[in-house]
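A.B. asks: What follows is a single structure, and I will ask about it in a moment.
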Amino acid sequence: MRNWCLCQICTCGSDYRPYEVVKQPRHMPEEYKPKQGEIDLGTTYKRDFNPYKVQPVVKVRPVERQEVKKGKLDTVPTYKDDYRSWDIQKCELCKPEQAYHPPDVKFGNSTTFQDDYVPREIQPRPSFKPCSVVKCPVGPFNGDTSHRRDYVPHQLEVKFARPKEVYKPTDQPFEDLTTHRNDFQGLTGETAKICRPPYTRVTQNIQFKGSTEFRDSFQPWEIPPPKVKKVAEYVPPSGSMQLDSTSHLDYVPYRASRVVAIRPVSHRRQSNFPFQGKSTMKEDFPAWESCRQGLIKQQQQIPNPSGKFEGLSTFRSHFVPHELIPTESCKPLNEALKSSVPLDDVTMYSIQFTPKKQEICPASYPSPPGYIFENTNSQGHKFFRKIIPAVKAF
């Protein structure tokens with residue numbers, strides 16, 4: 001693709017000139033040179049820490065001595081020796097004797113709430129709601145509104161009619177030349193060449209060999225059978241097995257007598273008298289006859305209605321139907337205004353527009369007319385110089 005540039009049209013070549021780009025110098029690191037001599041690997045830990053010989057810690061716990069006594073084991077503990085069973089006498093009750101006498105009168109069911117509460121009649125509170133009776137008007141209905149009173153109809157002014165100007169055609173001929181007509185000359189061009197290489201069919205009568213690189217390189221090899229490791233035959237040891245353990249050898253059995261129970265001897269007296277199942281709870285709280293309290297119902301103050309339901313409400317009885325008078329609309333009619341004056345279709349564009357001659361860009365020509373080729377820069381831009389016509393002197 002060619003790039004065309006004209007000295008009179010494009011300012012890219014004059015404003016943007018190529019400059020030499022200097023490559024920035026790269027910092028080269030200095031070559032590493034190891035220092036001579038030995039490295040001092042001493043640290044403050046090695047300097048301050050002095051190794052000492054550590055001896056094993058001597059155990060403070062005395063060696064346990066197992067003394068085996070062959071005498072008889074005394075099974076009387078200190079608890080049994082110090083705390084002996086004593087004869088405990090029963091303490092007498094200090095509660096005074098009170099003879100309970102049950103009441104002869106039957107238990108009453110009235111409570112303090114029933115005694116203090118006296119039912120009273122509920123008096124309805126007076127209603128402050130105004131009466132809902134519709135007052136019928138005496139005179140005719142006054143349909144006058146504030147809109148009708150305040151609105152004053154005004155007469156519309158006559159619309160200004162602009163006089164129509166006479167069309168004046170231009171004296172210059174109409175240029176109907178388009179870019180398509182200018183560029184397209186109707187010449188037949190060369191057909192596009194096919195870049196695909198020609199197909200040559202290979203026909204051979206030789207039989208197809210099914211050998212591949214995989215089949216040639218990887219041939220079947222004989223795999224030797226896996227080696228089986230021989231297990232040595234089990235030979236039981238000779239002689240008898242010793243089943244003695246350290247616990248079995250060191251354990252010495254002792255004969256121990258059974259521990260006597262420390263529970264004190266029971267001094268329970270056996271009596272032939274029958275069991276008296278009385279207690280202070282039973283004597284103080286005997287069972288009384290009680291009946292379930294009935295529901296307390298208040299008397300109905302509003303009597304139930306009698307007779308057939310009429311179905312007439314206050315709204316139906318008080319409502320008086322009136323004839324509806326529709327409000328007169330003061331909105332003007334939505335009609336188009338017709339005038340006998342013809343339409344003025346003259347615009348500023350049609351008056352001030354002057355067709356101009358369309359110029360063709362000279363860069364579209366291979367050799368632009370009116371220009372002479374001068375040189376080509378390093379980027380491939382071609383520079384042309386405009387030919388100035390010679391002026392004839394009179």
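Labels for the structure tokens follow display order: chains A, B, ..., residues from 1 in each chain, ligands from 1.
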Can you tell me which residues surround Cys136 in chain A at a distance of at most 12 Å, considering only C-alpha atoms, apart from same-chain residues fewer than 5 positions away, and format the answer as number ranges by chain?
C.D. replies: A: 141, 318-322
A.B. asks: I want to know what sits within 10 Å of range 107-115 of chain A, based on only C-alpha atoms, with residues of the same chain fewer than 2 positions away left out; could you give that as a ChimeraX atom specification?
C.D. replies: /A:103-105,117-119,288-293
A.B. asks: Please write the residues from the selection above to a file, keeping all heavy atoms, as a CSV table (one decimal), in the first residue's frame.
C.D. replies:
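Okay, part.csv is ready:
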chain,number,residue,atom,x,y,z
A,103,PRO,N,-64.8,-27.2,112.9
A,103,PRO,CA,-66.0,-26.4,113.0
A,103,PRO,C,-67.3,-27.1,112.7
A,103,PRO,O,-67.3,-28.1,111.9
A,103,PRO,CB,-65.7,-25.3,112.0
A,103,PRO,CG,-64.8,-25.9,111.0
A,103,PRO,CD,-64.0,-26.9,111.8
A,104,ASP,N,-68.4,-26.7,113.3
A,104,ASP,CA,-69.7,-27.3,113.0
A,104,ASP,C,-70.4,-26.7,111.8
A,104,ASP,O,-71.3,-27.4,111.2
A,104,ASP,CB,-70.6,-27.2,114.3
A,104,ASP,CG,-70.0,-27.8,115.5
A,104,ASP,OD1,-69.2,-28.8,115.3
A,104,ASP,OD2,-70.3,-27.4,116.6
A,105,VAL,N,-70.1,-25.5,111.4
A,105,VAL,CA,-70.7,-24.8,110.3
A,105,VAL,C,-70.0,-25.2,109.0
A,105,VAL,O,-68.8,-25.4,109.0
A,105,VAL,CB,-70.6,-23.2,110.5
A,105,VAL,CG1,-71.4,-22.5,109.4
A,105,VAL,CG2,-71.1,-22.8,111.9
A,117,TYR,N,-67.3,-6.7,95.6
A,117,TYR,CA,-67.8,-6.3,94.3
A,117,TYR,C,-69.3,-6.3,94.2
A,117,TYR,O,-69.9,-7.4,94.5
A,117,TYR,CB,-67.2,-7.2,93.2
A,117,TYR,CG,-67.7,-6.8,91.8
A,117,TYR,CD1,-67.2,-5.7,91.2
A,117,TYR,CD2,-68.6,-7.7,91.2
A,117,TYR,CE1,-67.6,-5.4,89.9
A,117,TYR,CE2,-69.0,-7.3,89.9
A,117,TYR,CZ,-68.5,-6.2,89.3
A,117,TYR,OH,-69.0,-5.9,88.0
A,118,VAL,N,-69.9,-5.2,93.8
A,118,VAL,CA,-71.4,-5.1,93.7
A,118,VAL,C,-71.6,-4.8,92.2
A,118,VAL,O,-71.1,-3.8,91.7
A,118,VAL,CB,-71.9,-4.0,94.6
A,118,VAL,CG1,-73.5,-3.9,94.4
A,118,VAL,CG2,-71.6,-4.3,96.0
A,119,PRO,N,-72.4,-5.7,91.5
A,119,PRO,CA,-72.6,-5.4,90.1
A,119,PRO,C,-73.5,-4.1,89.9
A,119,PRO,O,-74.5,-4.0,90.6
A,119,PRO,CB,-73.3,-6.6,89.6
A,119,PRO,CG,-73.9,-7.3,90.8
A,119,PRO,CD,-73.0,-6.9,91.9
A,288,TRP,N,-62.6,-31.6,103.2
A,288,TRP,CA,-63.9,-30.9,103.3
A,288,TRP,C,-64.6,-31.2,102.0
A,288,TRP,O,-64.0,-31.3,100.9
A,288,TRP,CB,-63.7,-29.4,103.5
A,288,TRP,CG,-62.9,-29.1,104.7
A,288,TRP,CD1,-61.6,-28.8,104.8
A,288,TRP,CD2,-63.4,-29.0,106.1
A,288,TRP,NE1,-61.2,-28.6,106.1
A,288,TRP,CE2,-62.3,-28.7,106.9
A,288,TRP,CE3,-64.7,-29.1,106.6
A,288,TRP,CZ2,-62.4,-28.5,108.3
A,288,TRP,CZ3,-64.8,-29.0,108.0
A,288,TRP,CH2,-63.7,-28.6,108.8
A,289,GLU,N,-65.9,-31.1,102.1
A,289,GLU,CA,-66.8,-31.2,100.9
A,289,GLU,C,-66.7,-29.9,100.2
A,289,GLU,O,-67.0,-28.8,100.8
A,289,GLU,CB,-68.2,-31.6,101.3
A,289,GLU,CG,-68.3,-33.0,101.9
A,289,GLU,CD,-69.7,-33.3,102.3
A,289,GLU,OE1,-70.6,-32.5,102.0
A,289,GLU,OE2,-70.0,-34.4,102.8
A,290,SER,N,-66.4,-29.9,98.9
A,290,SER,CA,-66.4,-28.7,98.1
A,290,SER,C,-67.1,-28.9,96.8
A,290,SER,O,-67.0,-30.0,96.2
A,290,SER,CB,-64.9,-28.2,97.9
A,290,SER,OG,-64.2,-29.2,97.2
A,291,CYS,N,-67.8,-27.9,96.3
A,291,CYS,CA,-68.4,-28.0,95.0
A,291,CYS,C,-67.8,-27.0,94.0
A,291,CYS,O,-67.3,-26.0,94.5
A,291,CYS,CB,-69.9,-27.8,95.1
A,291,CYS,SG,-70.4,-26.2,95.8
A,292,ARG,N,-67.9,-27.3,92.7
A,292,ARG,CA,-67.3,-26.4,91.7
A,292,ARG,C,-68.1,-25.1,91.6
A,292,ARG,O,-69.3,-25.1,91.5
A,292,ARG,CB,-67.2,-27.1,90.4
A,292,ARG,CG,-66.4,-26.4,89.3
A,292,ARG,CD,-66.3,-27.2,88.1
A,292,ARG,NE,-65.4,-26.6,87.1
A,292,ARG,CZ,-65.1,-27.1,85.9
A,292,ARG,NH1,-65.6,-28.3,85.6
A,292,ARG,NH2,-64.3,-26.4,85.1
A,293,GLN,N,-67.4,-24.0,91.5
A,293,GLN,CA,-68.1,-22.7,91.4
A,293,GLN,C,-68.6,-22.5,90.0
A,293,GLN,O,-67.9,-22.8,89.0
A,293,GLN,CB,-67.1,-21.6,91.8
A,293,GLN,CG,-67.7,-20.2,91.8
A,293,GLN,CD,-66.7,-19.1,92.1
A,293,GLN,OE1,-65.5,-19.5,92.4
A,293,GLN,NE2,-67.1,-17.9,92.2
A.B. asks: Please list as a PDB file with C-alpha atoms, in the first residue's frame every residue within 12 Å of Leu177 in chain A, counting only C-alpha atoms and excluding residues in the same chain fewer than 6 positions away.
C.D. replies:
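out38.pdb, written as the output of this step:
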ATOM      1  CA  ASP A 183     -13.984   7.226 -10.255  1.00  0.00           C
ATOM      2  CA  PHE A 184     -15.774   4.406 -12.067  1.00  0.00           C
ATOM      3  CA  LYS A 356     -19.974  24.797  -5.114  1.00  0.00           C
ATOM      4  CA  LYS A 357     -17.746  22.838  -7.399  1.00  0.00           C
ATOM      5  CA  GLN A 358     -16.495  19.598  -5.865  1.00  0.00           C
ATOM      6  CA  GLU A 359     -12.727  19.327  -5.993  1.00  0.00           C
ATOM      7  CA  ILE A 360     -10.970  16.000  -6.345  1.00  0.00           C
TER       8      ILE A 360
END
A.B. asks: Separation of CA of Phe383 in chain A and CA of Val21 in chain A, in Å?
C.D. replies: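 Taking CA of Phe383 in chain A and CA of Val21 in chain A, their separation equals 24.1 Å.
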A.B. asks: Could you please determine the separation between CA of Gln155 in chain A and CA of Asn334 in chain A in Å, to one decimal place?
C.D. replies: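 These two atoms are separated by 16.5 Å.
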A.B. asks: I'd like to know which of A:His154, A:Val134, A:Lys331, A:Pro220 is closest to Phe315 in chain A, using only C-alpha atoms.
C.D. replies: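 The shortest atom-to-atom distance to Phe315 in chain A comes from A:Val134.
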A.B. asks: Which residue gives the smallest distance to Pro153 in chain A among A:Leu41, A:Cys94, A:Cys330, A:Ile387, with only C-alpha atoms counted?
C.D. replies: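 Comparing A:Leu41, A:Cys94, A:Cys330, A:Ile387 against Pro153 in chain A, the winner is A:Cys330.
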A.B. asks: Near Gly370 in chain A, counting only C-alpha atoms, which residues have an atom at most 10 Å away, once you skip same-chain residues fewer than 5 positions from it, shown as a PyMOL selection string?
C.D. replies: chain A and resi 362+384-389
A.B. asks: Which residues come within 12 Å of Lys168 in chain A, counting only C-alpha atoms, excluding same-chain residues fewer than 6 positions away, as a list of chain:residue names?
C.D. replies: A:Val346, A:Ser350, A:Ile351
A.B. asks: In Å, with one decimal, what is the gap from CA of Arg263 in chain A to CA of Tyr79 in chain A?
C.D. replies: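 CA of Tyr79 in chain A lies 11.9 Å from CA of Arg263 in chain A.
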A.B. asks: Between A:Asp284, A:Pro173, A:Pro236, A:Leu243, which residue has the minimum interatomic distance to Gln98 in chain A, considering only C-alpha atoms?
C.D. replies: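 Using only C-alpha atoms, Gln98 in chain A sits closest to A:Asp284.
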A.B. asks: Using DSSP on the backbone coordinates, identify the residues of range 274-379 of chain A assigned to strand (DSSP E); present them as a list in words.
C.D. replies: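 These are the residues in question: Tyr371, Ile372, Phe373, Glu374, Asn375 and Thr376 of chain A.
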A.B. asks: Please, could you write that set of residues out with N, CA and C atoms as a PDB file, in the first residue's frame?
C.D. replies:
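Written out: out38.pdb:
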ATOM      1  N   TYR A 371       1.371  18.904 -10.503  1.00  0.00           N
ATOM      2  CA  TYR A 371       2.426  18.713  -9.523  1.00  0.00           C
ATOM      3  C   TYR A 371       3.574  17.942 -10.163  1.00  0.00           C
ATOM      4  N   ILE A 372       4.781  18.213  -9.678  1.00  0.00           N
ATOM      5  CA  ILE A 372       5.979  17.540 -10.179  1.00  0.00           C
ATOM      6  C   ILE A 372       6.607  16.774  -9.017  1.00  0.00           C
ATOM      7  N   PHE A 373       6.967  15.506  -9.271  1.00  0.00           N
ATOM      8  CA  PHE A 373       7.566  14.660  -8.238  1.00  0.00           C
ATOM      9  C   PHE A 373       8.975  15.149  -7.923  1.00  0.00           C
ATOM     10  N   GLU A 374       9.259  15.256  -6.613  1.00  0.00           N
ATOM     11  CA  GLU A 374      10.586  15.709  -6.182  1.00  0.00           C
ATOM     12  C   GLU A 374      11.418  14.563  -5.606  1.00  0.00           C
ATOM     13  N   ASN A 375      11.015  14.001  -4.474  1.00  0.00           N
ATOM     14  CA  ASN A 375      11.785  12.924  -3.856  1.00  0.00           C
ATOM     15  C   ASN A 375      10.878  12.091  -2.955  1.00  0.00           C
ATOM     16  N   THR A 376      11.485  11.042  -2.386  1.00  0.00           N
ATOM     17  CA  THR A 376      10.788  10.135  -1.451  1.00  0.00           C
ATOM     18  C   THR A 376      11.633  10.025  -0.199  1.00  0.00           C
TER      19      THR A 376
END
A.B. asks: Can you list every residue in range 231-372 of chain A that DSSP puts in alpha helix (DSSP H), as JSON, numbers by chain?
C.D. replies: {"A": [246, 247, 248, 249, 250, 280, 281, 282, 283, 284, 314, 315, 316, 317, 318, 348, 349, 350, 351, 352]}
A.B. asks: Could you take the residues named above and write them with C-alpha atoms, as a short mmCIF file (atom, residue, chain, number, x, y, z; two decimals), in the first residue's frame?
C.D. replies:
data_model
loop_
_atom_site.label_atom_id
_atom_site.label_comp_id
_atom_site.auth_asym_id
_atom_site.auth_seq_id
_atom_site.Cartn_x
_atom_site.Cartn_y
_atom_site.Cartn_z
CA THR A 246 7.74 -61.63 86.46
CA SER A 247 4.36 -60.98 88.12
CA HIS A 248 3.75 -64.69 88.53
CA LEU A 249 7.19 -65.25 90.04
CA ASP A 250 7.32 -62.18 92.36
CA THR A 280 -50.13 -33.46 112.23
CA MET A 281 -50.80 -32.85 108.54
CA LYS A 282 -53.81 -35.16 108.52
CA GLU A 283 -55.15 -33.79 111.80
CA ASP A 284 -54.82 -30.08 110.84
CA THR A 314 -80.86 5.51 57.23
CA PHE A 315 -79.00 6.33 54.00
CA ARG A 316 -81.83 4.91 51.88
CA SER A 317 -84.53 6.60 53.95
CA HIS A 318 -82.86 10.06 54.05
CA MET A 348 -33.01 30.64 4.60
CA TYR A 349 -31.27 27.49 3.37
CA SER A 350 -32.96 27.62 -0.02
CA ILE A 351 -32.15 31.34 -0.37
CA GLN A 352 -28.53 31.42 0.84
#
